[in-house]
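**Student:** Sharing my_file_37.txt below, compact mmCIF, N, CA, C and O atoms:
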```txt
# COMPACT_ATOMS: atom_id res chain seq x y z
N MET L 1 52.89 174.51 211.70
CA MET L 1 52.21 174.01 210.54
C MET L 1 52.97 174.47 209.30
O MET L 1 53.31 175.63 209.16
N ALA L 2 53.24 173.52 208.39
CA ALA L 2 53.98 173.83 207.18
C ALA L 2 53.05 174.36 206.11
O ALA L 2 51.89 173.97 206.02
N VAL L 3 53.56 175.26 205.30
CA VAL L 3 52.78 175.85 204.22
C VAL L 3 53.44 175.48 202.90
O VAL L 3 54.65 175.64 202.75
N ALA L 4 52.65 174.99 201.97
CA ALA L 4 53.19 174.60 200.67
C ALA L 4 53.26 175.82 199.76
O ALA L 4 52.37 176.66 199.75
N ALA L 5 54.33 175.91 199.02
CA ALA L 5 54.49 177.00 198.06
C ALA L 5 54.02 176.53 196.68
O ALA L 5 54.22 175.38 196.31
N VAL L 6 53.41 177.41 195.94
CA VAL L 6 52.95 177.09 194.59
C VAL L 6 54.14 177.19 193.66
O VAL L 6 54.78 178.24 193.56
N THR L 7 54.46 176.07 192.99
CA THR L 7 55.62 176.06 192.12
C THR L 7 55.26 175.90 190.64
O THR L 7 56.14 175.87 189.81
N THR L 8 54.00 175.78 190.32
CA THR L 8 53.61 175.62 188.91
C THR L 8 53.14 176.95 188.35
O THR L 8 52.74 177.86 189.07
N LYS L 9 53.19 177.04 187.03
CA LYS L 9 52.71 178.23 186.36
C LYS L 9 51.18 178.23 186.35
O LYS L 9 50.57 177.17 186.35
N PRO L 10 50.55 179.39 186.31
CA PRO L 10 49.10 179.41 186.22
C PRO L 10 48.65 178.78 184.89
O PRO L 10 49.35 178.82 183.89
N LEU L 11 47.47 178.21 184.91
CA LEU L 11 46.93 177.58 183.72
C LEU L 11 46.59 178.61 182.65
O LEU L 11 46.16 179.71 182.95
N ASP L 12 46.80 178.21 181.40
CA ASP L 12 46.45 179.07 180.27
C ASP L 12 44.93 179.04 180.11
O ASP L 12 44.34 177.98 179.87
N PRO L 13 44.24 180.17 180.27
CA PRO L 13 42.77 180.16 180.21
C PRO L 13 42.24 179.75 178.84
O PRO L 13 41.12 179.26 178.74
N THR L 14 43.02 179.92 177.78
CA THR L 14 42.52 179.53 176.46
C THR L 14 42.47 178.02 176.30
O THR L 14 41.70 177.50 175.51
N LEU L 15 43.29 177.28 177.06
CA LEU L 15 43.26 175.82 176.98
C LEU L 15 42.06 175.25 177.72
O LEU L 15 41.64 174.13 177.44
N HIS L 16 41.53 175.97 178.66
CA HIS L 16 40.44 175.47 179.49
C HIS L 16 39.16 176.28 179.26
O HIS L 16 38.45 176.60 180.20
N ALA L 17 38.92 176.61 178.01
CA ALA L 17 37.69 177.33 177.67
C ALA L 17 36.50 176.41 177.88
O ALA L 17 36.65 175.19 177.95
N PRO L 18 35.31 176.95 177.97
CA PRO L 18 34.13 176.08 178.10
C PRO L 18 34.08 175.08 176.96
O PRO L 18 34.55 175.34 175.85
N PHE L 19 33.50 173.92 177.23
CA PHE L 19 33.45 172.84 176.25
C PHE L 19 32.72 173.29 174.99
O PHE L 19 31.62 173.80 175.04
N LEU L 20 33.39 173.11 173.87
CA LEU L 20 32.78 173.36 172.58
C LEU L 20 32.70 172.04 171.85
O LEU L 20 33.70 171.31 171.78
N PRO L 21 31.56 171.67 171.31
CA PRO L 21 31.47 170.37 170.64
C PRO L 21 32.38 170.32 169.42
O PRO L 21 32.58 171.32 168.74
N MET L 22 32.92 169.16 169.20
CA MET L 22 33.78 168.96 168.04
C MET L 22 32.95 168.97 166.77
O MET L 22 31.75 168.74 166.82
N GLN L 23 33.60 169.21 165.66
CA GLN L 23 32.89 169.09 164.40
C GLN L 23 32.47 167.64 164.26
O GLN L 23 33.25 166.73 164.55
N PRO L 24 31.24 167.40 163.85
CA PRO L 24 30.76 166.02 163.87
C PRO L 24 31.57 165.08 163.00
O PRO L 24 31.82 163.96 163.37
N PHE L 25 32.03 165.52 161.84
CA PHE L 25 32.77 164.62 160.97
C PHE L 25 33.91 165.40 160.34
O PHE L 25 33.71 166.21 159.45
N ALA L 26 35.12 165.14 160.83
CA ALA L 26 36.29 165.83 160.30
C ALA L 26 36.77 165.15 159.03
O ALA L 26 36.41 164.02 158.74
N ALA L 27 37.61 165.83 158.28
CA ALA L 27 38.15 165.27 157.05
C ALA L 27 39.06 164.08 157.38
O ALA L 27 39.79 164.10 158.36
N PRO L 28 39.02 163.03 156.55
CA PRO L 28 39.86 161.85 156.82
C PRO L 28 41.33 162.13 156.55
O PRO L 28 41.70 163.09 155.87
N HIS L 29 42.17 161.27 157.11
CA HIS L 29 43.61 161.37 156.88
C HIS L 29 43.91 161.03 155.42
O HIS L 29 43.17 160.28 154.79
N PRO L 30 45.03 161.54 154.91
CA PRO L 30 45.39 161.16 153.53
C PRO L 30 45.65 159.66 153.45
O PRO L 30 46.22 159.06 154.36
N ARG L 31 45.24 159.06 152.38
CA ARG L 31 45.38 157.61 152.23
C ARG L 31 46.74 157.24 151.69
O ARG L 31 47.35 157.98 150.93
N LYS L 32 47.20 156.05 152.08
CA LYS L 32 48.47 155.51 151.57
C LYS L 32 48.14 154.40 150.57
O LYS L 32 47.09 153.77 150.64
N ARG L 33 49.08 154.15 149.68
CA ARG L 33 48.89 153.07 148.72
C ARG L 33 48.98 151.73 149.44
O ARG L 33 49.79 151.55 150.35
N LEU L 34 48.16 150.77 149.02
CA LEU L 34 48.20 149.44 149.61
C LEU L 34 49.33 148.64 148.97
O LEU L 34 49.71 148.88 147.83
N PRO L 35 49.87 147.66 149.70
CA PRO L 35 50.96 146.86 149.14
C PRO L 35 50.47 146.01 147.96
O PRO L 35 49.35 145.51 147.97
N ALA L 36 51.32 145.84 146.98
CA ALA L 36 50.96 145.07 145.79
C ALA L 36 51.20 143.58 146.02
O ALA L 36 51.97 143.19 146.88
N GLY L 37 50.52 142.77 145.24
CA GLY L 37 50.78 141.34 145.23
C GLY L 37 49.93 140.51 146.18
O GLY L 37 50.16 139.30 146.30
N ARG L 38 48.97 141.10 146.85
CA ARG L 38 48.12 140.31 147.74
C ARG L 38 46.91 139.79 146.97
O ARG L 38 46.52 140.37 145.95
N PRO L 39 46.24 138.75 147.48
CA PRO L 39 45.01 138.29 146.82
C PRO L 39 43.91 139.33 146.94
O PRO L 39 43.88 140.14 147.88
N ARG L 40 42.99 139.32 146.01
CA ARG L 40 41.91 140.32 145.98
C ARG L 40 41.11 140.31 147.28
O ARG L 40 40.69 141.35 147.77
N GLU L 41 40.87 139.14 147.87
CA GLU L 41 40.09 139.03 149.11
C GLU L 41 40.74 139.83 150.24
O GLU L 41 40.06 140.36 151.10
N TRP L 42 42.08 139.88 150.25
CA TRP L 42 42.77 140.63 151.28
C TRP L 42 42.43 142.11 151.18
O TRP L 42 42.17 142.77 152.18
N TYR L 43 42.44 142.65 149.95
CA TYR L 43 42.14 144.06 149.75
C TYR L 43 40.70 144.37 150.12
O TYR L 43 40.41 145.40 150.74
N VAL L 44 39.77 143.48 149.77
CA VAL L 44 38.37 143.69 150.10
C VAL L 44 38.19 143.72 151.61
O VAL L 44 37.53 144.61 152.16
N ALA L 45 38.79 142.75 152.31
CA ALA L 45 38.67 142.70 153.77
C ALA L 45 39.34 143.91 154.42
O ALA L 45 38.81 144.48 155.39
N HIS L 46 40.49 144.29 153.90
CA HIS L 46 41.21 145.44 154.47
C HIS L 46 40.39 146.73 154.33
O HIS L 46 40.23 147.49 155.30
N ASN L 47 39.86 146.96 153.14
CA ASN L 47 39.07 148.17 152.92
C ASN L 47 37.78 148.15 153.74
O ASN L 47 37.33 149.19 154.22
N ARG L 48 37.20 146.97 153.93
CA ARG L 48 36.00 146.86 154.76
C ARG L 48 36.31 147.23 156.21
O ARG L 48 35.56 147.93 156.86
N ARG L 49 37.47 146.76 156.70
CA ARG L 49 37.86 147.10 158.08
C ARG L 49 38.12 148.60 158.23
O ARG L 49 37.72 149.21 159.23
N LEU L 50 38.78 149.21 157.24
CA LEU L 50 39.02 150.65 157.30
C LEU L 50 37.71 151.43 157.30
O LEU L 50 37.54 152.38 158.07
N LYS L 51 36.77 151.03 156.45
CA LYS L 51 35.47 151.71 156.39
C LYS L 51 34.74 151.54 157.71
O LYS L 51 34.16 152.50 158.24
N ALA L 52 34.77 150.34 158.29
CA ALA L 52 34.11 150.10 159.57
C ALA L 52 34.72 150.96 160.67
O ALA L 52 34.01 151.51 161.51
N MET L 53 36.04 151.11 160.67
CA MET L 53 36.69 151.94 161.68
C MET L 53 36.31 153.41 161.52
O MET L 53 36.03 154.09 162.50
N ARG L 54 36.29 153.90 160.27
CA ARG L 54 35.90 155.29 160.05
C ARG L 54 34.47 155.53 160.52
O ARG L 54 34.18 156.55 161.16
N LEU L 55 33.57 154.61 160.22
CA LEU L 55 32.18 154.77 160.64
C LEU L 55 32.04 154.67 162.15
O LEU L 55 31.26 155.41 162.76
N THR L 56 32.79 153.77 162.76
CA THR L 56 32.73 153.64 164.23
C THR L 56 33.20 154.92 164.90
O THR L 56 32.55 155.41 165.84
N ILE L 57 34.28 155.48 164.43
CA ILE L 57 34.78 156.73 165.01
C ILE L 57 33.76 157.85 164.84
O ILE L 57 33.50 158.62 165.77
N ALA L 58 33.15 157.93 163.66
CA ALA L 58 32.14 158.97 163.42
C ALA L 58 30.95 158.80 164.34
O ALA L 58 30.43 159.78 164.89
N LEU L 59 30.51 157.56 164.54
CA LEU L 59 29.36 157.33 165.43
C LEU L 59 29.72 157.64 166.88
O LEU L 59 28.92 158.23 167.61
N LEU L 60 30.90 157.24 167.31
CA LEU L 60 31.31 157.54 168.68
C LEU L 60 31.42 159.04 168.90
O LEU L 60 31.03 159.55 169.95
N ASP L 61 31.95 159.76 167.90
CA ASP L 61 32.04 161.21 168.01
C ASP L 61 30.66 161.86 168.06
O ASP L 61 30.50 162.93 168.64
N SER L 62 29.67 161.23 167.45
CA SER L 62 28.32 161.81 167.44
C SER L 62 27.49 161.37 168.64
O SER L 62 26.34 161.75 168.76
N GLY L 63 28.07 160.53 169.53
CA GLY L 63 27.38 160.17 170.76
C GLY L 63 26.72 158.80 170.77
O GLY L 63 25.95 158.50 171.66
N VAL L 64 27.00 157.96 169.80
CA VAL L 64 26.45 156.60 169.79
C VAL L 64 27.47 155.70 170.46
O VAL L 64 28.52 155.41 169.90
N TYR L 65 27.17 155.26 171.68
CA TYR L 65 28.10 154.46 172.46
C TYR L 65 27.64 153.02 172.67
O TYR L 65 28.39 152.20 173.17
N GLN L 66 26.41 152.71 172.33
CA GLN L 66 25.86 151.37 172.51
C GLN L 66 25.62 150.74 171.15
O GLN L 66 25.04 151.37 170.26
N PRO L 67 26.02 149.48 170.97
CA PRO L 67 25.78 148.82 169.69
C PRO L 67 24.29 148.71 169.36
O PRO L 67 23.91 148.74 168.19
N SER L 68 23.47 148.62 170.39
CA SER L 68 22.03 148.49 170.15
C SER L 68 21.43 149.76 169.55
O SER L 68 20.38 149.71 168.89
N SER L 69 22.08 150.91 169.75
CA SER L 69 21.56 152.14 169.17
C SER L 69 22.19 152.45 167.82
O SER L 69 21.88 153.48 167.21
N ALA L 70 23.06 151.57 167.32
CA ALA L 70 23.68 151.76 166.01
C ALA L 70 23.00 150.83 165.01
O ALA L 70 23.49 149.78 164.66
N SER L 71 21.85 151.26 164.54
CA SER L 71 21.13 150.46 163.54
C SER L 71 21.79 150.62 162.18
O SER L 71 22.59 151.53 161.96
N ASN L 72 21.45 149.72 161.27
CA ASN L 72 21.98 149.82 159.90
C ASN L 72 21.64 151.17 159.30
O ASN L 72 22.45 151.78 158.62
N ARG L 73 20.44 151.63 159.56
CA ARG L 73 19.99 152.91 159.00
C ARG L 73 20.85 154.07 159.53
O ARG L 73 21.27 154.94 158.78
N ARG L 74 21.12 154.06 160.83
CA ARG L 74 21.93 155.12 161.42
C ARG L 74 23.37 155.07 160.90
O ARG L 74 23.99 156.11 160.64
N ILE L 75 23.90 153.87 160.75
CA ILE L 75 25.26 153.72 160.24
C ILE L 75 25.33 154.21 158.79
O ILE L 75 26.27 154.91 158.40
N ARG L 76 24.33 153.90 158.00
CA ARG L 76 24.32 154.33 156.60
C ARG L 76 24.14 155.85 156.48
O ARG L 76 24.69 156.46 155.57
N ARG L 77 23.39 156.45 157.41
CA ARG L 77 23.28 157.91 157.39
C ARG L 77 24.62 158.56 157.73
O ARG L 77 24.99 159.58 157.16
N ALA L 78 25.37 157.95 158.66
CA ALA L 78 26.70 158.46 158.99
C ALA L 78 27.62 158.35 157.78
O ALA L 78 28.42 159.25 157.50
N ALA L 79 27.51 157.25 157.04
CA ALA L 79 28.32 157.08 155.83
C ALA L 79 27.98 158.15 154.80
O ALA L 79 28.86 158.69 154.13
N GLU L 80 26.71 158.46 154.70
CA GLU L 80 26.28 159.50 153.76
C GLU L 80 26.87 160.86 154.14
O GLU L 80 27.35 161.60 153.29
N ARG L 81 26.86 161.16 155.44
CA ARG L 81 27.43 162.43 155.90
C ARG L 81 28.94 162.48 155.70
O ARG L 81 29.50 163.54 155.46
N LEU L 82 29.60 161.31 155.81
CA LEU L 82 31.04 161.26 155.59
C LEU L 82 31.40 161.30 154.11
O LEU L 82 32.55 161.52 153.76
N GLY L 83 30.42 161.03 153.27
CA GLY L 83 30.69 161.04 151.84
C GLY L 83 31.29 159.74 151.33
O GLY L 83 32.03 159.74 150.36
N ILE L 84 30.97 158.62 151.99
CA ILE L 84 31.46 157.33 151.53
C ILE L 84 30.27 156.48 151.12
O ILE L 84 29.13 156.75 151.50
N HIS L 85 30.53 155.44 150.33
CA HIS L 85 29.45 154.58 149.85
C HIS L 85 28.73 153.92 151.01
O HIS L 85 29.34 153.63 152.04
N PRO L 86 27.43 153.67 150.86
CA PRO L 86 26.70 153.02 151.95
C PRO L 86 27.30 151.65 152.26
O PRO L 86 27.63 150.89 151.35
N PRO L 87 27.46 151.33 153.54
CA PRO L 87 28.08 150.06 153.91
C PRO L 87 27.11 148.89 153.74
O PRO L 87 25.89 149.05 153.80
N SER L 88 27.67 147.71 153.56
CA SER L 88 26.87 146.50 153.47
C SER L 88 26.41 146.10 154.86
O SER L 88 26.83 146.67 155.87
N ASP L 89 25.56 145.08 154.91
CA ASP L 89 25.11 144.57 156.21
C ASP L 89 26.29 144.02 157.02
O ASP L 89 26.33 144.18 158.24
N LEU L 90 27.24 143.39 156.34
CA LEU L 90 28.41 142.85 157.03
C LEU L 90 29.24 143.98 157.64
O LEU L 90 29.69 143.89 158.79
N THR L 91 29.42 145.07 156.92
CA THR L 91 30.18 146.20 157.45
C THR L 91 29.45 146.83 158.64
O THR L 91 30.08 147.20 159.63
N CYS L 92 28.13 146.93 158.55
CA CYS L 92 27.35 147.46 159.68
C CYS L 92 27.53 146.58 160.91
O CYS L 92 27.66 147.08 162.03
N ARG L 93 27.57 145.27 160.70
CA ARG L 93 27.77 144.36 161.82
C ARG L 93 29.17 144.56 162.41
O ARG L 93 29.35 144.51 163.63
N MET L 94 30.16 144.80 161.56
CA MET L 94 31.52 145.06 162.05
C MET L 94 31.57 146.35 162.86
O MET L 94 32.28 146.43 163.87
N VAL L 95 30.82 147.37 162.43
CA VAL L 95 30.77 148.63 163.16
C VAL L 95 30.23 148.40 164.57
O VAL L 95 30.77 148.88 165.56
N ARG L 96 29.14 147.65 164.65
CA ARG L 96 28.56 147.36 165.98
C ARG L 96 29.53 146.58 166.85
O ARG L 96 29.64 146.82 168.06
N THR L 97 30.28 145.66 166.25
CA THR L 97 31.27 144.89 167.01
C THR L 97 32.38 145.80 167.51
O THR L 97 32.82 145.68 168.66
N LEU L 98 32.85 146.72 166.67
CA LEU L 98 33.89 147.65 167.11
C LEU L 98 33.39 148.56 168.22
O LEU L 98 34.15 148.88 169.16
N ILE L 99 32.15 148.99 168.16
CA ILE L 99 31.59 149.81 169.25
C ILE L 99 31.54 148.99 170.52
O ILE L 99 31.89 149.48 171.60
N ARG L 100 31.13 147.74 170.43
CA ARG L 100 30.99 146.89 171.61
C ARG L 100 32.35 146.66 172.28
O ARG L 100 32.48 146.77 173.50
N TYR L 101 33.38 146.31 171.48
CA TYR L 101 34.66 145.94 172.06
C TYR L 101 35.63 147.10 172.15
O TYR L 101 36.76 146.92 172.58
N GLY L 102 35.21 148.29 171.75
CA GLY L 102 36.10 149.44 171.82
C GLY L 102 36.11 150.13 173.17
O GLY L 102 36.76 151.15 173.35
N ARG L 103 35.41 149.58 174.12
CA ARG L 103 35.34 150.23 175.43
C ARG L 103 36.54 149.93 176.26
O ARG L 103 36.99 148.98 176.59
```
As a first step, turn the structure in this file into structure tokens.
**Tutor:**
Amino acid sequence: MAVAAVTTKPLDPTLHAPFLPMQPFAAPHPRKRLPAGRPREWYVAHNRRLKAMRLTIALLDSGVYQPSSASNRRIRRAAERLGIHPPSDLTCRMVRTLIRYGR
């Protein structure tokens, strides 16, 4: 019977510490300037998508994985905790869509 030799290094115990929950809302990445010369509607849509993505990530980090549990009220509370303006109904709908299709 053959015996296998261990050829890997032992695991670092600090990397595999017991699970500690992440901070619920981390600071956002530094923003970059948007390109000049686009129509105003492009900037509005772009900023709406960015806000929806930030809110979706915050909700997923806080344990909201179903679009049905992401009500407008819950999304707006997440925006308040993030320190961003309350989202419109359209942005809330985009957040639910991103949660649905982000699986």
**Student:** By how many Å are atom CA of L:Ile75 and atom N of L:Arg40 apart?
**Tutor:**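 The value is 26.9 Å.
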**Student:** So that I can check the surroundings of L:Arg100, please list as a list of chain:residue names every protein, DNA and RNA residue that reaches within 12 Å of it, counting only C-alpha atoms and ignoring chain neighbours fewer than 2 positions away.
**Tutor:**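 My reading of the contact set: L:Thr56, L:Leu60, L:Val64, L:Tyr65, L:Gln66, L:Pro67, L:Ser68, L:Ser69, L:Ala70, L:Arg93, L:Met94, L:Val95, L:Arg96, L:Thr97, L:Leu98, L:Gly102, L:Arg103.
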**Student:** Those residues with N, CA, C and O atoms, as a PDB file, in the frame of the given file please?
**Tutor:**
```
ATOM      1  N   THR L  56      32.790 153.770 162.760  1.00  0.00           N
ATOM      2  CA  THR L  56      32.730 153.640 164.230  1.00  0.00           C
ATOM      3  C   THR L  56      33.200 154.920 164.900  1.00  0.00           C
ATOM      4  O   THR L  56      32.550 155.410 165.840  1.00  0.00           O
ATOM      5  N   LEU L  60      30.900 157.240 167.310  1.00  0.00           N
ATOM      6  CA  LEU L  60      31.310 157.540 168.680  1.00  0.00           C
ATOM      7  C   LEU L  60      31.420 159.040 168.900  1.00  0.00           C
ATOM      8  O   LEU L  60      31.030 159.550 169.950  1.00  0.00           O
ATOM      9  N   VAL L  64      27.000 157.960 169.800  1.00  0.00           N
ATOM     10  CA  VAL L  64      26.450 156.600 169.790  1.00  0.00           C
ATOM     11  C   VAL L  64      27.470 155.700 170.460  1.00  0.00           C
ATOM     12  O   VAL L  64      28.520 155.410 169.900  1.00  0.00           O
ATOM     13  N   TYR L  65      27.170 155.260 171.680  1.00  0.00           N
ATOM     14  CA  TYR L  65      28.100 154.460 172.460  1.00  0.00           C
ATOM     15  C   TYR L  65      27.640 153.020 172.670  1.00  0.00           C
ATOM     16  O   TYR L  65      28.390 152.200 173.170  1.00  0.00           O
ATOM     17  N   GLN L  66      26.410 152.710 172.330  1.00  0.00           N
ATOM     18  CA  GLN L  66      25.860 151.370 172.510  1.00  0.00           C
ATOM     19  C   GLN L  66      25.620 150.740 171.150  1.00  0.00           C
ATOM     20  O   GLN L  66      25.040 151.370 170.260  1.00  0.00           O
ATOM     21  N   PRO L  67      26.020 149.480 170.970  1.00  0.00           N
ATOM     22  CA  PRO L  67      25.780 148.820 169.690  1.00  0.00           C
ATOM     23  C   PRO L  67      24.290 148.710 169.360  1.00  0.00           C
ATOM     24  O   PRO L  67      23.910 148.740 168.190  1.00  0.00           O
ATOM     25  N   SER L  68      23.470 148.620 170.390  1.00  0.00           N
ATOM     26  CA  SER L  68      22.030 148.490 170.150  1.00  0.00           C
ATOM     27  C   SER L  68      21.430 149.760 169.550  1.00  0.00           C
ATOM     28  O   SER L  68      20.380 149.710 168.890  1.00  0.00           O
ATOM     29  N   SER L  69      22.080 150.910 169.750  1.00  0.00           N
ATOM     30  CA  SER L  69      21.560 152.140 169.170  1.00  0.00           C
ATOM     31  C   SER L  69      22.190 152.450 167.820  1.00  0.00           C
ATOM     32  O   SER L  69      21.880 153.480 167.210  1.00  0.00           O
ATOM     33  N   ALA L  70      23.060 151.570 167.320  1.00  0.00           N
ATOM     34  CA  ALA L  70      23.680 151.760 166.010  1.00  0.00           C
ATOM     35  C   ALA L  70      23.000 150.830 165.010  1.00  0.00           C
ATOM     36  O   ALA L  70      23.490 149.780 164.660  1.00  0.00           O
ATOM     37  N   ARG L  93      27.570 145.270 160.700  1.00  0.00           N
ATOM     38  CA  ARG L  93      27.770 144.360 161.820  1.00  0.00           C
ATOM     39  C   ARG L  93      29.170 144.560 162.410  1.00  0.00           C
ATOM     40  O   ARG L  93      29.350 144.510 163.630  1.00  0.00           O
ATOM     41  N   MET L  94      30.160 144.800 161.560  1.00  0.00           N
ATOM     42  CA  MET L  94      31.520 145.060 162.050  1.00  0.00           C
ATOM     43  C   MET L  94      31.570 146.350 162.860  1.00  0.00           C
ATOM     44  O   MET L  94      32.280 146.430 163.870  1.00  0.00           O
ATOM     45  N   VAL L  95      30.820 147.370 162.430  1.00  0.00           N
ATOM     46  CA  VAL L  95      30.770 148.630 163.160  1.00  0.00           C
ATOM     47  C   VAL L  95      30.230 148.400 164.570  1.00  0.00           C
ATOM     48  O   VAL L  95      30.770 148.880 165.560  1.00  0.00           O
ATOM     49  N   ARG L  96      29.140 147.650 164.650  1.00  0.00           N
ATOM     50  CA  ARG L  96      28.560 147.360 165.980  1.00  0.00           C
ATOM     51  C   ARG L  96      29.530 146.580 166.850  1.00  0.00           C
ATOM     52  O   ARG L  96      29.640 146.820 168.060  1.00  0.00           O
ATOM     53  N   THR L  97      30.280 145.660 166.250  1.00  0.00           N
ATOM     54  CA  THR L  97      31.270 144.890 167.010  1.00  0.00           C
ATOM     55  C   THR L  97      32.380 145.800 167.510  1.00  0.00           C
ATOM     56  O   THR L  97      32.820 145.680 168.660  1.00  0.00           O
ATOM     57  N   LEU L  98      32.850 146.720 166.670  1.00  0.00           N
ATOM     58  CA  LEU L  98      33.890 147.650 167.110  1.00  0.00           C
ATOM     59  C   LEU L  98      33.390 148.560 168.220  1.00  0.00           C
ATOM     60  O   LEU L  98      34.150 148.880 169.160  1.00  0.00           O
ATOM     61  N   GLY L 102      35.210 148.290 171.750  1.00  0.00           N
ATOM     62  CA  GLY L 102      36.100 149.440 171.820  1.00  0.00           C
ATOM     63  C   GLY L 102      36.110 150.130 173.170  1.00  0.00           C
ATOM     64  O   GLY L 102      36.760 151.150 173.350  1.00  0.00           O
ATOM     65  N   ARG L 103      35.410 149.580 174.120  1.00  0.00           N
ATOM     66  CA  ARG L 103      35.340 150.230 175.430  1.00  0.00           C
ATOM     67  C   ARG L 103      36.540 149.930 176.260  1.00  0.00           C
ATOM     68  O   ARG L 103      36.990 148.980 176.590  1.00  0.00           O
TER      69      ARG L 103
END
```
**Student:** Rounded to one decimal in Å, what is the spacing between atom N of L:Pro35 and atom CA of L:Asp61?
**Tutor:** 28.9 Å
**Student:** Using Å and a single decimal, report how far atom CA of L:Pro86 sits from atom N of L:Arg33.
**Tutor:**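 Distance reported for this atom pair: 22.5 Å.
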**Student:** For a quick check of understanding, using all atoms listed in the file, which of L:Ala45, L:Leu90, L:Ala36, L:Ala78 has the smallest distance to L:Ala58?
**Tutor:**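 With all atoms listed in the file as the atom set, the closest residue is L:Ala78.
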**Student:** Box along x, y and z, 4 Å on every side, all listed atoms of stretch 78-89 of chain L inside: centre and edge lengths in Å to one decimal, as AutoDock Vina command-line options.
**Tutor:**
```
--center_x 28.8 --center_y 153.8 --center_z 154.4 --size_x 15.4 --size_y 27.5 --size_z 17.1
```
**Student:** Because the input lacks atoms here, generate all heavy atoms for stretch 94-99 of chain L and report them as a CSV table (one decimal), in the frame of the given file.
**Tutor:**
```csv
chain,number,residue,atom,x,y,z
L,94,MET,N,30.2,144.8,161.6
L,94,MET,CA,31.5,145.1,162.0
L,94,MET,C,31.6,146.4,162.9
L,94,MET,O,32.3,146.4,163.9
L,94,MET,CB,32.5,145.2,160.9
L,94,MET,CG,32.8,143.8,160.2
L,94,MET,SD,33.9,144.0,158.8
L,94,MET,CE,35.4,144.4,159.6
L,95,VAL,N,30.8,147.4,162.4
L,95,VAL,CA,30.8,148.6,163.2
L,95,VAL,C,30.2,148.4,164.6
L,95,VAL,O,30.8,148.9,165.6
L,95,VAL,CB,29.9,149.7,162.4
L,95,VAL,CG1,29.7,150.9,163.3
L,95,VAL,CG2,30.6,150.1,161.1
L,96,ARG,N,29.1,147.6,164.6
L,96,ARG,CA,28.6,147.4,166.0
L,96,ARG,C,29.5,146.6,166.8
L,96,ARG,O,29.6,146.8,168.1
L,96,ARG,CB,27.2,146.6,165.8
L,96,ARG,CG,26.1,147.5,165.4
L,96,ARG,CD,24.8,146.8,165.5
L,96,ARG,NE,24.6,145.9,164.4
L,96,ARG,CZ,24.2,146.2,163.2
L,96,ARG,NH1,23.9,147.4,162.9
L,96,ARG,NH2,24.1,145.3,162.2
L,97,THR,N,30.3,145.7,166.2
L,97,THR,CA,31.3,144.9,167.0
L,97,THR,C,32.4,145.8,167.5
L,97,THR,O,32.8,145.7,168.7
L,97,THR,CB,31.9,143.8,166.1
L,97,THR,OG1,30.8,143.0,165.7
L,97,THR,CG2,32.9,142.9,166.9
L,98,LEU,N,32.8,146.7,166.7
L,98,LEU,CA,33.9,147.6,167.1
L,98,LEU,C,33.4,148.6,168.2
L,98,LEU,O,34.2,148.9,169.2
L,98,LEU,CB,34.4,148.5,165.9
L,98,LEU,CG,35.3,147.8,164.9
L,98,LEU,CD1,35.5,148.6,163.7
L,98,LEU,CD2,36.6,147.4,165.6
L,99,ILE,N,32.2,149.0,168.2
L,99,ILE,CA,31.6,149.8,169.2
L,99,ILE,C,31.5,149.0,170.5
L,99,ILE,O,31.9,149.5,171.6
L,99,ILE,CB,30.2,150.3,168.9
L,99,ILE,CG1,30.3,151.4,167.7
L,99,ILE,CG2,29.5,151.0,170.1
L,99,ILE,CD1,29.0,151.8,167.2
```
